[in-house]
>>> print(open('target33.pdb').read())   # PDB, C-alpha atoms, pLDDT in the B column
ATOM      1  CA  MET K   1     -76.322 -12.636  73.594  1.00 63.00           C
ATOM      2  CA  GLU K   2     -74.980 -14.609  76.496  1.00 72.00           C
ATOM      3  CA  ILE K   3     -74.489 -18.290  75.779  1.00 80.00           C
ATOM      4  CA  GLU K   4     -73.690 -20.588  78.685  1.00 88.00           C
ATOM      5  CA  LEU K   5     -70.179 -22.013  78.824  1.00 89.00           C
ATOM      6  CA  ASN K   6     -71.411 -25.619  78.876  1.00 92.00           C
ATOM      7  CA  VAL K   7     -73.484 -24.987  75.724  1.00 91.00           C
ATOM      8  CA  LEU K   8     -70.459 -23.596  73.867  1.00 93.00           C
ATOM      9  CA  VAL K   9     -68.269 -26.530  74.952  1.00 96.00           C
ATOM     10  CA  HIS K  10     -70.925 -29.112  74.065  1.00 96.00           C
ATOM     11  CA  ASN K  11     -71.440 -27.603  70.621  1.00 95.00           C
ATOM     12  CA  ALA K  12     -67.676 -27.339  70.092  1.00 97.00           C
ATOM     13  CA  GLU K  13     -67.409 -31.071  70.789  1.00 97.00           C
ATOM     14  CA  ILE K  14     -70.126 -31.746  68.195  1.00 97.00           C
ATOM     15  CA  VAL K  15     -68.584 -29.489  65.539  1.00 97.00           C
ATOM     16  CA  ILE K  16     -64.997 -30.698  66.045  1.00 96.00           C
ATOM     17  CA  SER K  17     -66.140 -34.326  65.928  1.00 95.00           C
ATOM     18  CA  ARG K  18     -68.073 -33.703  62.696  1.00 95.00           C
ATOM     19  CA  TYR K  19     -65.118 -31.881  61.173  1.00 95.00           C
ATOM     20  CA  ALA K  20     -62.717 -34.687  62.091  1.00 93.00           C
ATOM     21  CA  SER K  21     -64.994 -37.418  60.721  1.00 91.00           C
ATOM     22  CA  LYS K  22     -65.881 -35.623  57.484  1.00 91.00           C
ATOM     23  CA  PHE K  23     -62.715 -33.671  56.713  1.00 89.00           C
ATOM     24  CA  GLY K  24     -60.135 -35.464  58.868  1.00 78.00           C
ATOM     25  CA  HIS K  25     -56.459 -35.186  58.230  1.00 66.00           C
ATOM     26  CA  LYS K  26     -54.138 -37.947  57.159  1.00 62.00           C
ATOM     27  CA  ASP K  27     -52.123 -37.650  60.388  1.00 62.00           C
ATOM     28  CA  SER K  28     -55.113 -38.867  62.466  1.00 65.00           C
ATOM     29  CA  LYS K  29     -55.479 -35.518  64.200  1.00 71.00           C
ATOM     30  CA  THR K  30     -59.079 -35.268  65.343  1.00 86.00           C
ATOM     31  CA  GLY K  31     -58.979 -32.261  67.593  1.00 93.00           C
ATOM     32  CA  GLY K  32     -57.187 -29.408  69.225  1.00 95.00           C
ATOM     33  CA  TYR K  33     -57.699 -26.818  71.939  1.00 97.00           C
ATOM     34  CA  LEU K  34     -60.739 -24.655  72.575  1.00 98.00           C
ATOM     35  CA  SER K  35     -60.325 -21.406  74.512  1.00 97.00           C
ATOM     36  CA  ILE K  36     -63.162 -19.188  75.693  1.00 95.00           C
ATOM     37  CA  LYS K  37     -62.534 -15.659  76.929  1.00 93.00           C
ATOM     38  CA  THR K  38     -64.669 -12.742  78.040  1.00 88.00           C
ATOM     39  CA  PRO K  39     -63.518  -9.568  76.260  1.00 84.00           C
ATOM     40  CA  GLY K  40     -61.883  -7.072  78.586  1.00 79.00           C
ATOM     41  CA  LYS K  41     -60.915  -9.722  81.140  1.00 81.00           C
ATOM     42  CA  HIS K  42     -57.285 -10.689  81.618  1.00 82.00           C
ATOM     43  CA  SER K  43     -57.754 -14.394  82.103  1.00 87.00           C
ATOM     44  CA  ILE K  44     -59.140 -17.077  79.834  1.00 92.00           C
ATOM     45  CA  LYS K  45     -62.372 -18.642  81.164  1.00 93.00           C
ATOM     46  CA  LEU K  46     -61.675 -22.070  79.750  1.00 96.00           C
ATOM     47  CA  VAL K  47     -58.998 -23.989  77.870  1.00 97.00           C
ATOM     48  CA  GLN K  48     -60.006 -27.514  76.948  1.00 96.00           C
ATOM     49  CA  LEU K  49     -58.819 -30.265  74.650  1.00 95.00           C
ATOM     50  CA  ILE K  50     -61.594 -31.182  72.219  1.00 96.00           C
ATOM     51  CA  GLY K  51     -61.073 -34.431  70.336  1.00 91.00           C
ATOM     52  CA  GLN K  52     -57.611 -35.946  70.224  1.00 86.00           C
ATOM     53  CA  ILE K  53     -54.148 -35.025  69.070  1.00 82.00           C
ATOM     54  CA  HIS K  54     -52.320 -38.103  67.802  1.00 75.00           C
ATOM     55  CA  GLU K  55     -49.681 -39.426  70.195  1.00 69.00           C
ATOM     56  CA  ASN K  56     -47.047 -38.964  67.478  1.00 68.00           C
ATOM     57  CA  HIS K  57     -47.744 -35.231  67.687  1.00 65.00           C
ATOM     58  CA  VAL K  58     -47.314 -34.647  71.420  1.00 70.00           C
ATOM     59  CA  ASP K  59     -45.193 -31.589  70.628  1.00 78.00           C
ATOM     60  CA  LYS K  60     -48.242 -30.030  68.970  1.00 82.00           C
ATOM     61  CA  THR K  61     -50.351 -30.394  72.109  1.00 87.00           C
ATOM     62  CA  GLN K  62     -48.706 -27.441  73.865  1.00 90.00           C
ATOM     63  CA  LYS K  63     -48.458 -25.523  70.598  1.00 92.00           C
ATOM     64  CA  TYR K  64     -52.215 -25.797  69.909  1.00 94.00           C
ATOM     65  CA  LYS K  65     -53.025 -24.920  73.509  1.00 95.00           C
ATOM     66  CA  ALA K  66     -50.851 -21.797  73.385  1.00 96.00           C
ATOM     67  CA  LEU K  67     -52.107 -20.756  69.932  1.00 96.00           C
ATOM     68  CA  SER K  68     -55.737 -21.110  70.971  1.00 97.00           C
ATOM     69  CA  GLN K  69     -55.164 -18.794  73.932  1.00 96.00           C
ATOM     70  CA  GLU K  70     -53.062 -16.332  71.924  1.00 95.00           C
ATOM     71  CA  LYS K  71     -55.790 -15.973  69.286  1.00 95.00           C
ATOM     72  CA  ALA K  72     -58.414 -15.185  71.945  1.00 94.00           C
ATOM     73  CA  ASP K  73     -56.101 -12.749  73.747  1.00 92.00           C
ATOM     74  CA  ARG K  74     -55.203 -10.974  70.513  1.00 91.00           C
ATOM     75  CA  ILE K  75     -58.765 -10.103  69.571  1.00 89.00           C
ATOM     76  CA  SER K  76     -59.981  -9.407  73.117  1.00 85.00           C
ATOM     77  CA  VAL K  77     -58.640  -5.861  72.914  1.00 78.00           C
ATOM     78  CA  PHE K  78     -61.088  -4.904  70.168  1.00 70.00           C
ATOM     79  CA  ASN K  79     -64.350  -3.213  71.087  1.00 59.00           C
ATOM     80  CA  ASN K  80     -66.344  -4.265  68.084  1.00 57.00           C
ATOM     81  CA  GLY K  81     -69.810  -2.919  68.796  1.00 61.00           C
ATOM     82  CA  ASN K  82     -71.985  -5.067  66.564  1.00 58.00           C
ATOM     83  CA  GLN K  83     -69.468  -6.364  64.080  1.00 71.00           C
ATOM     84  CA  ILE K  84     -67.621  -9.627  63.795  1.00 78.00           C
ATOM     85  CA  ILE K  85     -63.929  -9.616  64.685  1.00 83.00           C
ATOM     86  CA  THR K  86     -61.797 -12.649  63.979  1.00 89.00           C
ATOM     87  CA  SER K  87     -58.151 -13.422  64.522  1.00 91.00           C
ATOM     88  CA  TRP K  88     -57.876 -13.682  60.733  1.00 89.00           C
ATOM     89  CA  ASP K  89     -58.036  -9.856  60.721  1.00 86.00           C
ATOM     90  CA  SER K  90     -54.712  -9.640  62.576  1.00 88.00           C
ATOM     91  CA  ARG K  91     -53.039 -12.820  61.384  1.00 90.00           C
ATOM     92  CA  ASP K  92     -49.298 -12.803  60.854  1.00 94.00           C
ATOM     93  CA  PRO K  93     -48.137 -16.354  60.035  1.00 93.00           C
ATOM     94  CA  ASP K  94     -44.478 -15.298  60.034  1.00 96.00           C
ATOM     95  CA  ASN K  95     -44.877 -14.517  63.745  1.00 95.00           C
ATOM     96  CA  GLN K  96     -47.081 -17.519  64.628  1.00 93.00           C
ATOM     97  CA  LYS K  97     -50.306 -15.477  64.707  1.00 94.00           C
ATOM     98  CA  PHE K  98     -53.086 -17.370  62.964  1.00 95.00           C
ATOM     99  CA  GLY K  99     -56.814 -17.259  62.378  1.00 93.00           C
ATOM    100  CA  GLY K 100     -59.162 -19.358  64.473  1.00 95.00           C
ATOM    101  CA  ALA K 101     -60.794 -17.064  67.052  1.00 94.00           C
ATOM    102  CA  VAL K 102     -64.161 -15.353  66.680  1.00 92.00           C
ATOM    103  CA  TYR K 103     -65.691 -12.456  68.607  1.00 88.00           C
ATOM    104  CA  ALA K 104     -69.150 -12.103  67.149  1.00 78.00           C
ATOM    105  CA  LEU K 105     -71.247  -9.593  69.045  1.00 72.00           C
ATOM    106  CA  PRO K 106     -74.229  -9.466  69.190  1.00 67.00           C
ATOM    107  CA  TYR K 107     -74.427 -13.198  68.506  1.00 73.00           C
ATOM    108  CA  CYS K 108     -72.190 -14.356  71.365  1.00 79.00           C
ATOM    109  CA  ASP K 109     -70.717 -12.330  74.244  1.00 84.00           C
ATOM    110  CA  ASP K 110     -67.569 -14.451  74.535  1.00 89.00           C
ATOM    111  CA  ILE K 111     -64.571 -14.899  72.280  1.00 92.00           C
ATOM    112  CA  ILE K 112     -64.246 -18.510  71.194  1.00 95.00           C
ATOM    113  CA  SER K 113     -61.015 -19.814  69.758  1.00 97.00           C
ATOM    114  CA  PHE K 114     -59.769 -23.124  68.419  1.00 98.00           C
ATOM    115  CA  SER K 115     -56.406 -24.375  67.254  1.00 96.00           C
ATOM    116  CA  GLY K 116     -55.862 -27.785  65.727  1.00 94.00           C
ATOM    117  CA  PHE K 117     -56.961 -27.654  62.092  1.00 93.00           C
ATOM    118  CA  PRO K 118     -55.992 -25.311  59.237  1.00 93.00           C
ATOM    119  CA  GLU K 119     -56.657 -21.773  60.448  1.00 92.00           C
ATOM    120  CA  LEU K 120     -59.568 -20.952  58.141  1.00 92.00           C
ATOM    121  CA  ASP K 121     -61.225 -24.215  59.175  1.00 94.00           C
ATOM    122  CA  ASP K 122     -60.594 -23.356  62.844  1.00 96.00           C
ATOM    123  CA  GLU K 123     -62.596 -20.153  62.273  1.00 93.00           C
ATOM    124  CA  LEU K 124     -65.298 -21.948  60.286  1.00 95.00           C
ATOM    125  CA  CYS K 125     -65.703 -24.404  63.167  1.00 96.00           C
ATOM    126  CA  MET K 126     -66.086 -21.540  65.651  1.00 95.00           C
ATOM    127  CA  PHE K 127     -68.779 -19.931  63.492  1.00 93.00           C
ATOM    128  CA  ALA K 128     -70.541 -23.313  63.418  1.00 94.00           C
ATOM    129  CA  VAL K 129     -70.344 -23.485  67.233  1.00 94.00           C
ATOM    130  CA  ILE K 130     -71.966 -20.047  67.509  1.00 90.00           C
ATOM    131  CA  HIS K 131     -74.625 -21.040  64.976  1.00 89.00           C
ATOM    132  CA  LEU K 132     -75.511 -24.241  66.853  1.00 90.00           C
ATOM    133  CA  SER K 133     -75.468 -22.438  70.199  1.00 88.00           C
ATOM    134  CA  GLN K 134     -78.146 -19.996  69.019  1.00 82.00           C
ATOM    135  CA  LYS K 135     -80.755 -22.661  68.331  1.00 77.00           C
ATOM    136  CA  GLY K 136     -83.837 -22.232  70.479  1.00 70.00           C
ATOM    137  CA  ARG K 137     -82.854 -18.722  71.610  1.00 67.00           C
ATOM    138  CA  THR K 138     -84.290 -15.310  70.895  1.00 62.00           C
ATOM    139  CA  GLY K 139     -82.322 -12.328  69.690  1.00 61.00           C
ATOM    140  CA  ARG K 140     -80.164 -11.562  66.706  1.00 59.00           C
ATOM    141  CA  PHE K 141     -78.695 -14.547  64.903  1.00 64.00           C
ATOM    142  CA  LEU K 142     -75.737 -15.292  62.711  1.00 68.00           C
ATOM    143  CA  PHE K 143     -77.050 -15.938  59.215  1.00 75.00           C
ATOM    144  CA  LEU K 144     -75.422 -17.563  56.228  1.00 80.00           C
ATOM    145  CA  ASP K 145     -75.557 -14.254  54.340  1.00 82.00           C
ATOM    146  CA  ASP K 146     -73.406 -12.686  57.082  1.00 81.00           C
ATOM    147  CA  LEU K 147     -70.826 -15.431  56.635  1.00 85.00           C
ATOM    148  CA  ARG K 148     -70.862 -15.223  52.828  1.00 86.00           C
ATOM    149  CA  ILE K 149     -70.078 -11.511  53.024  1.00 85.00           C
ATOM    150  CA  LEU K 150     -67.436 -11.979  55.706  1.00 83.00           C
ATOM    151  CA  PHE K 151     -65.560 -14.696  53.838  1.00 87.00           C
ATOM    152  CA  SER K 152     -65.739 -12.825  50.540  1.00 86.00           C
ATOM    153  CA  ASN K 153     -64.829  -9.357  51.814  1.00 84.00           C
ATOM    154  CA  ARG K 154     -62.354 -10.097  54.591  1.00 81.00           C
ATOM    155  CA  PHE K 155     -60.948 -13.547  53.956  1.00 83.00           C
ATOM    156  CA  ASN K 156     -60.939 -13.149  50.158  1.00 86.00           C
ATOM    157  CA  VAL K 157     -62.222 -16.679  49.694  1.00 86.00           C
ATOM    158  CA  PRO K 158     -65.693 -18.000  48.885  1.00 89.00           C
ATOM    159  CA  PHE K 159     -67.690 -19.088  51.904  1.00 90.00           C
ATOM    160  CA  PRO K 160     -67.359 -22.896  52.174  1.00 92.00           C
ATOM    161  CA  GLU K 161     -71.108 -23.337  52.501  1.00 90.00           C
ATOM    162  CA  LEU K 162     -71.236 -27.089  51.934  1.00 91.00           C
ATOM    163  CA  LYS K 163     -68.570 -27.672  54.570  1.00 94.00           C
ATOM    164  CA  PHE K 164     -70.410 -25.363  56.980  1.00 93.00           C
ATOM    165  CA  GLN K 165     -73.671 -27.240  56.366  1.00 92.00           C
ATOM    166  CA  GLU K 166     -71.894 -30.514  57.186  1.00 94.00           C
ATOM    167  CA  LEU K 167     -70.742 -29.010  60.488  1.00 95.00           C
ATOM    168  CA  ILE K 168     -74.123 -27.671  61.599  1.00 92.00           C
ATOM    169  CA  ASN K 169     -76.397 -30.495  60.428  1.00 90.00           C
ATOM    170  CA  SER K 170     -76.387 -33.922  62.027  1.00 74.00           C
TER     171      SER K 170
END
>>> encode(input="target33.pdb", output="structure tokens")
Amino acid sequence: MEIELNVLVHNAEIVISRYASKFGHKDSKTGGYLSIKTPGKHSIKLVQLIGQIHENHVDKTQKYKALSQEKADRISVFNNGNQIITSWDSRDPDNQKFGGAVYALPYCDDIISFSGFPELDDELCMFAVIHLSQKGRTGRFLFLDDLRILFSNRFNVPFPELKFQELINS
């Protein structure tokens, strides 16, 4: 399902803002970098700061930007058919490879990636962006049951349903 770039960015702004206001961090970090990439293409379509990174953490600005792009690049090599691939599947924290990117065919044709919050929350936010971006469309949709199974089977943690609901509901 093709979702327009401006729709993904708009919904990322909504989700990141909700996350920051409801689950914000003590260091006043309210954002990070969003990257959007088409699988199989060499270049990233978009890299954009969403929210703010506290001025005391200027060093993290470039780090989050680079991590967001790396996550998208890392999973762009997978041809996943109709399954969900995330950067959590290939994470390697010892080598600065974290979760936070989602490639969720058939729900969204692009890889969307975020870096700025804890890595599992980065991925949760990207799933929320996909969920919001599907509203009013036809086709196959990402359902909560899909996410419950994914979090349980691949992330080995319970799906944070209440947090997800806070991100997708105004």
>>> closest_residue(input="target33.pdb", among="K:Gln48, K:Asn6, K:Val129, K:Gly40", to="Cys108 of chain K", atoms="only C-alpha atoms")
K:Val129
>>> atom_distance(input="target33.pdb", atom1="atom CA of Tyr64 of chain K", atom2="atom CA of Asn95 of chain K")
14.8 Å
>>> residues_around(input="target33.pdb", residues="Leu120 of chain K", least_positions_apart="5", cutoff="9 Å", atoms="only C-alpha atoms", output="number ranges by chain")
K: 88, 98-100, 125, 155
>>> closest_residue(input="target33.pdb", among="K:Ser43, K:Gln134, K:Ser90, K:Ser21", to="Glu4 of chain K", atoms="all atoms listed in the file")
K:Gln134
>>> resolve_selection(input="target33.pdb", expression="the PyMOL selection byres ((chain K and resi 117) around 9)", output="ChimeraX atom specification")
/K:25,29-32,100,114-116,118-122
>>> atom_distance(input="target33.pdb", atom1="atom CA of Asn156 of chain K", atom2="atom CA of Lys135 of chain K")
28.5 Å
>>> atom_distance(input="target33.pdb", atom1="atom CA of Tyr107 of chain K", atom2="atom CA of Lys63 of chain K")
28.8 Å
>>> closest_residue(input="target33.pdb", among="K:Ile168, K:Ala66, K:Ala72, K:Leu162", to="Ser133 of chain K", atoms="all atoms listed in the file")
K:Ile168
>>> closest_residue(input="target33.pdb", among="K:Lys163, K:Lys71, K:Lys22, K:Arg91", to="Ser113 of chain K", atoms="all atoms listed in the file")
K:Lys71
>>> closest_residue(input="target33.pdb", among="K:Gly136, K:Leu144, K:Asn153, K:Phe23", to="Ile3 of chain K", atoms="only C-alpha atoms")
K:Gly136
>>> resolve_selection(input="target33.pdb", expression="the PyMOL selection byres ((chain K and resi 9) around 12)", output="number ranges by chain")
K: 3-8, 10-16, 33-36, 45-51, 112-114, 126, 129-130, 132-133
>>> axis_aligned_box(input="target33.pdb", around="segment 44-49 of chain K", padding_each_side="4 Å", output="lines of an AutoDock Vina configuration file")
center_x = -60.6
center_y = -23.7
center_z = 77.9
size_x = 11.6
size_y = 21.2
size_z = 14.5
>>> resolve_selection(input="target33.pdb", expression="the PyMOL selection byres ((chain K and resi 148) around 10)", output="NGL selection string")
:K and (143-147 or 149-153 or 157-161)
